[in-house]
>>> print(open('final_8.tsv').read())   # TSV, C-alpha atoms and all ligand atoms
chain	number	residue	atom	x	y	z
A	1	MET	CA	-70.24	50.80	-2.25
A	2	LEU	CA	-73.47	49.47	-3.68
A	3	ARG	CA	-73.52	45.70	-4.08
A	4	SER	CA	-76.44	43.46	-4.70
A	5	THR	CA	-74.61	40.30	-3.64
A	6	LYS	CA	-72.58	39.48	-0.58
A	7	VAL	CA	-68.80	39.51	-0.72
A	8	ARG	CA	-67.38	36.00	-0.69
A	9	ILE	CA	-64.77	35.54	2.04
A	10	ALA	CA	-62.52	32.61	2.93
A	11	ILE	CA	-61.23	32.16	6.47
A	12	LEU	CA	-57.70	30.76	6.81
A	13	GLY	CA	-56.34	29.50	10.13
A	14	SER	CA	-54.94	26.64	12.13
A	15	GLY	CA	-56.16	27.32	15.64
A	16	ALA	CA	-59.15	26.70	17.87
A	17	GLY	CA	-61.38	28.51	15.41
A	18	SER	CA	-63.23	30.81	17.80
A	19	ASN	CA	-62.86	33.79	15.46
A	20	ALA	CA	-63.95	31.68	12.50
A	21	LYS	CA	-67.01	30.72	14.55
A	22	ALA	CA	-67.79	34.37	15.35
A	23	LEU	CA	-67.46	35.33	11.67
A	24	CYS	CA	-69.78	32.47	10.61
A	25	VAL	CA	-72.36	33.19	13.34
A	26	ALA	CA	-72.45	36.89	12.47
A	27	ALA	CA	-72.99	36.04	8.80
A	28	ARG	CA	-75.73	33.59	9.68
A	29	GLU	CA	-77.55	35.77	12.21
A	30	ASN	CA	-76.89	39.34	11.15
A	31	ALA	CA	-77.08	41.21	7.91
A	32	THR	CA	-73.33	41.14	7.22
A	33	LEU	CA	-71.97	42.30	3.87
A	34	TYR	CA	-70.06	39.01	3.51
A	35	THR	CA	-70.78	35.34	3.21
A	36	VAL	CA	-68.31	32.71	4.42
A	37	ALA	CA	-67.72	30.67	1.25
A	38	LEU	CA	-64.82	28.58	2.49
A	39	VAL	CA	-62.75	27.69	5.55
A	40	ILE	CA	-59.13	26.70	4.92
A	41	SER	CA	-57.09	25.02	7.64
A	42	THR	CA	-53.40	24.20	7.60
A	43	SER	CA	-54.02	21.31	10.01
A	44	ALA	CA	-56.62	18.56	9.78
A	45	LYS	CA	-56.68	18.37	13.59
A	46	ALA	CA	-57.31	22.07	14.28
A	47	GLY	CA	-60.50	23.21	16.00
A	48	ILE	CA	-61.28	25.46	13.04
A	49	CYS	CA	-62.12	22.29	11.02
A	50	GLU	CA	-64.82	21.39	13.55
A	51	VAL	CA	-66.19	24.93	13.33
A	52	ALA	CA	-66.51	24.66	9.53
A	53	ARG	CA	-68.30	21.31	9.83
A	54	ASP	CA	-70.69	22.65	12.53
A	55	GLU	CA	-71.47	25.71	10.44
A	56	GLY	CA	-71.94	23.75	7.22
A	57	VAL	CA	-69.22	25.74	5.47
A	58	GLU	CA	-67.00	24.03	2.90
A	59	LEU	CA	-63.67	23.04	4.46
A	60	CYS	CA	-60.32	22.49	2.74
A	61	VAL	CA	-57.16	21.40	4.50
A	62	ILE	CA	-53.80	22.34	3.02
A	63	SER	CA	-50.97	20.73	4.91
A	64	GLY	CA	-47.27	21.05	4.25
A	65	ASP	CA	-44.76	23.86	4.31
A	66	VAL	CA	-46.46	27.27	4.18
A	67	LYS	CA	-43.34	28.67	2.49
A	68	GLY	CA	-43.39	25.99	-0.20
A	69	GLU	CA	-44.63	26.38	-3.77
A	70	THR	CA	-47.21	23.65	-3.31
A	71	PHE	CA	-48.91	25.53	-0.49
A	72	THR	CA	-49.00	28.75	-2.50
A	73	GLU	CA	-50.35	26.97	-5.59
A	74	GLN	CA	-53.03	25.08	-3.68
A	75	LEU	CA	-54.14	28.16	-1.75
A	76	GLY	CA	-54.17	30.26	-4.92
A	77	SER	CA	-56.28	27.69	-6.78
A	78	LEU	CA	-58.76	27.43	-3.91
A	79	LEU	CA	-59.21	31.20	-3.76
A	80	GLN	CA	-59.72	31.36	-7.52
A	81	ASP	CA	-62.05	28.36	-7.78
A	82	HIS	CA	-64.26	29.66	-4.95
A	83	ARG	CA	-64.24	33.23	-6.32
A	84	ILE	CA	-62.96	34.59	-3.00
A	85	GLU	CA	-62.90	38.39	-2.81
A	86	VAL	CA	-61.51	38.86	0.70
A	87	LEU	CA	-59.20	36.43	2.53
A	88	VAL	CA	-59.61	36.62	6.31
A	89	LEU	CA	-56.83	35.23	8.52
A	90	ALA	CA	-57.96	33.94	11.90
A	91	GLY	CA	-55.30	32.12	13.89
A	92	PHE	CA	-52.87	31.89	10.95
A	93	MET	CA	-49.46	32.30	12.58
A	94	ARG	CA	-47.19	32.44	9.52
A	95	LEU	CA	-46.37	35.03	6.88
A	96	LEU	CA	-48.66	34.75	3.89
A	97	PRO	CA	-46.77	34.16	0.61
A	98	PRO	CA	-46.47	37.48	-1.32
A	99	GLU	CA	-47.98	35.78	-4.41
A	100	ILE	CA	-51.22	35.33	-2.48
A	101	LEU	CA	-51.28	39.00	-1.44
A	102	ARG	CA	-50.81	39.99	-5.09
A	103	ARG	CA	-53.46	37.57	-6.29
A	104	MET	CA	-55.93	38.97	-3.73
A	105	HIS	CA	-55.04	42.57	-4.72
A	106	GLY	CA	-54.26	43.25	-1.07
A	107	ASN	CA	-57.74	42.25	0.10
A	108	VAL	CA	-56.44	40.20	3.02
A	109	LEU	CA	-57.23	40.90	6.68
A	110	ASN	CA	-55.72	39.59	9.91
A	111	ILE	CA	-56.68	39.78	13.56
A	112	HIS	CA	-53.97	40.26	16.16
A	113	PRO	CA	-54.52	39.88	19.92
A	114	ALA	CA	-52.99	43.22	21.01
A	115	LEU	CA	-53.10	46.93	20.28
A	116	LEU	CA	-50.78	47.18	17.27
A	117	PRO	CA	-48.24	48.59	16.61
A	118	GLU	CA	-47.32	47.41	20.12
A	119	PHE	CA	-46.69	43.69	20.67
A	120	GLY	CA	-46.57	42.76	17.00
A	121	GLY	CA	-43.91	41.24	14.77
A	122	LYS	CA	-42.19	37.88	14.36
A	123	GLY	CA	-42.74	35.55	17.31
A	124	MET	CA	-45.65	37.62	18.62
A	125	TYR	CA	-48.63	35.34	18.25
A	126	GLY	CA	-51.17	33.62	20.45
A	127	ILE	CA	-50.29	33.30	24.15
A	128	HIS	CA	-46.82	34.88	23.60
A	129	VAL	CA	-48.50	38.22	22.98
A	130	HIS	CA	-50.41	38.10	26.27
A	131	GLU	CA	-47.29	37.00	28.17
A	132	ALA	CA	-45.45	40.05	26.77
A	133	VAL	CA	-48.30	42.41	27.68
A	134	ILE	CA	-48.38	41.12	31.29
A	135	THR	CA	-44.58	41.25	31.59
A	136	ALA	CA	-44.62	44.88	30.39
A	137	HIS	CA	-47.22	45.72	33.12
A	138	LYS	CA	-49.60	47.25	30.60
A	139	VAL	CA	-52.92	48.50	31.98
A	140	GLU	CA	-54.65	48.13	28.63
A	141	SER	CA	-54.69	45.55	25.84
A	142	GLY	CA	-57.13	44.58	23.13
A	143	ALA	CA	-57.37	43.40	19.55
A	144	THR	CA	-56.51	44.86	16.15
A	145	VAL	CA	-57.81	44.01	12.69
A	146	HIS	CA	-55.44	45.14	9.95
A	147	VAL	CA	-54.79	44.75	6.26
A	148	VAL	CA	-52.06	42.16	5.69
A	149	SER	CA	-48.76	43.23	4.15
A	150	GLU	CA	-45.54	41.36	3.43
A	151	ASN	CA	-44.32	41.93	7.02
A	152	TYR	CA	-45.73	40.57	10.25
A	153	ASP	CA	-48.52	42.68	11.81
A	154	GLU	CA	-48.03	45.75	9.65
A	155	GLY	CA	-50.53	47.23	7.22
A	156	ALA	CA	-53.38	49.67	7.70
A	157	VAL	CA	-55.47	49.24	10.83
A	158	VAL	CA	-59.16	48.60	10.07
A	159	GLY	CA	-60.36	48.50	13.68
A	160	GLN	CA	-59.32	48.11	17.30
A	161	MET	CA	-61.08	47.33	20.56
A	162	ARG	CA	-59.53	47.99	23.98
A	163	ILE	CA	-59.91	46.25	27.32
A	164	PRO	CA	-58.33	46.92	30.72
A	165	VAL	CA	-55.64	44.56	31.99
A	166	GLU	CA	-56.34	43.75	35.65
A	167	ALA	CA	-53.51	43.26	38.17
A	168	THR	CA	-54.83	39.72	38.71
A	169	ASP	CA	-54.76	38.78	35.01
A	170	SER	CA	-52.54	35.94	33.83
A	171	PRO	CA	-51.66	35.43	30.15
A	172	LEU	CA	-54.46	32.87	29.95
A	173	THR	CA	-57.18	35.05	31.51
A	174	LEU	CA	-56.09	37.94	29.32
A	175	GLN	CA	-56.23	35.72	26.24
A	176	GLU	CA	-59.81	34.72	27.10
A	177	LYS	CA	-60.87	38.35	27.57
A	178	VAL	CA	-59.18	39.49	24.36
A	179	LYS	CA	-60.81	36.67	22.41
A	180	LEU	CA	-64.23	37.88	23.56
A	181	VAL	CA	-63.59	41.33	22.09
A	182	GLU	CA	-62.08	39.79	18.95
A	183	HIS	CA	-65.36	38.02	18.34
A	184	GLN	CA	-67.22	41.35	18.36
A	185	LEU	CA	-64.55	43.23	16.44
A	186	TYR	CA	-63.82	40.88	13.54
A	187	PRO	CA	-67.23	40.62	11.85
A	188	ALA	CA	-67.72	44.39	12.15
A	189	ALA	CA	-64.22	45.12	10.82
A	190	VAL	CA	-64.67	42.80	7.84
A	191	ASP	CA	-67.86	44.69	6.94
A	192	GLN	CA	-66.10	48.01	7.43
A	193	PHE	CA	-63.30	46.91	5.08
A	194	ILE	CA	-65.82	45.71	2.49
A	195	ARG	CA	-67.43	49.16	2.48
A	196	THR	CA	-64.09	50.60	1.32
A	197	LEU	CA	-63.80	48.23	-1.67
A	198	LYS	CA	-64.43	49.75	-5.07
A	201	LIG	C1	-56.56	34.82	18.12
A	201	LIG	O1	-56.47	35.36	19.42
A	201	LIG	C2	-55.80	35.68	17.13
A	201	LIG	O2	-55.82	37.04	17.45
A	201	LIG	C3	-54.41	35.13	17.26
A	201	LIG	O3	-54.59	33.74	17.37
A	201	LIG	C4	-55.84	33.49	18.04
A	201	LIG	C5	-56.61	32.47	17.22
A	201	LIG	O4	-57.68	32.02	17.98
A	201	LIG	N1	-53.61	35.46	16.13
A	201	LIG	C6	-52.34	35.82	16.22
A	201	LIG	O5	-51.72	35.80	17.26
A	201	LIG	C7	-51.70	36.23	14.91
A	201	LIG	N2	-50.49	36.92	15.12
A	201	LIG	P1	-58.91	31.27	17.29
A	201	LIG	O6	-58.34	30.12	16.47
A	201	LIG	O7	-59.72	30.80	18.46
A	201	LIG	O8	-59.63	32.27	16.44
>>> encode(input="final_8.tsv", output="structure tokens")
Amino acid sequence: MLRSTKVRIAILGSGAGSNAKALCVAARENATLYTVALVISTSAKAGICEVARDEGVELCVISGDVKGETFTEQLGSLLQDHRIEVLVLAGFMRLLPPEILRRMHGNVLNIHPALLPEFGGKGMYGIHVHEAVITAHKVESGATVHVVSENYDEGAVVGQMRIPVEATDSPLTLQEKVKLVEHQLYPAAVDQFIRTLK
């Protein structure tokens, strides 16, 4: 794809914001194909809000029921008003309303803290994923970036990175290690996805 301007992305999440930070830093320091035009948080208290402020990226908070019409309308308007081409989920633990997927023509990515298709689906988010990996005595885990569909953690895989699980790992130490690879994977995977856009 030949583009003279960078692709405008919005990051949507409600967590600590470490992936949002990595996406912003990569855009600021490297020659990424995207620019972070907007950060959207579903909680005014989430760490991701602090990340947006630190990075000087416009921040919008949408609170309320993610399944409600108001949330969908507000999110849709924000994406339109900011001319967002790719929506990037980072620590967004709910299903995205189908109207938003349609509006974005499927250009929505998510990062999941395991090697999908294993350890995905409803209830598999955050620390729960790492607890399940440890309980299953897996010797390997990692992170997956995938295109978002109407079901949890399905959709085409854009990229994965693997790490060993040590016998001494706890869910928390595994989470820390997986986050480190997520921070490398996500900016590269967003660029890789952008290269496939027509
Ligand atoms: C990340 O580990 C991400 O993979 C996970 O939430 C964390 C958010 O951390 N997402 C899911 O579990 C989605 N199913 P961050 O706010 O520090 O980026």
>>> residues_around(input="final_8.tsv", residues="Asp153 in chain A", least_positions_apart="3", cutoff="8 Å", atoms="all atoms listed in the file", output="list in words")
His112, Leu116, Pro117, Gly120, Gly121, His146, Val148 and Ser149 of chain A
>>> residues_around(input="final_8.tsv", residues="range 40-47 of chain A", least_positions_apart="3", cutoff="9 Å", atoms="all atoms listed in the file", output="list in words")
Ala10, Ile11, Leu12, Gly13, Ser14, Gly15, Ala16, Gly17, Ser18, Glu50, Val51, Ala52, Glu58, Leu59, Cys60, Val61, Ile62, Ser63, Gly64, Val66, Leu75, Leu78 and Phe92 of chain A
>>> residues_around(input="final_8.tsv", residues="range 135-145 of chain A", least_positions_apart="2", cutoff="10 Å", atoms="all atoms listed in the file", output="ChimeraX atom specification")
/A:88-89,109-119,129-133,147-148,153,155-167,170-171,174-175,177-183,185-186,188-190,193
>>> axis_aligned_box(input="final_8.tsv", around="range 134-137 of chain A", padding_each_side="6 Å", output="AutoDock Vina command-line options")
--center_x -46.5 --center_y 43.4 --center_z 31.8 --size_x 15.8 --size_y 16.6 --size_z 14.7
>>> closest_residue(input="final_8.tsv", among="A:Ile134, A:Ala20, A:Ile84, A:Cys49", to="ligand LIG 201 (chain A)", atoms="only C-alpha atoms and all ligand atoms")
A:Ala20
>>> atom_distance(input="final_8.tsv", atom1="CA of Pro98 in chain A", atom2="atom N2 of ligand LIG 201 (chain A)")
16.9 Å
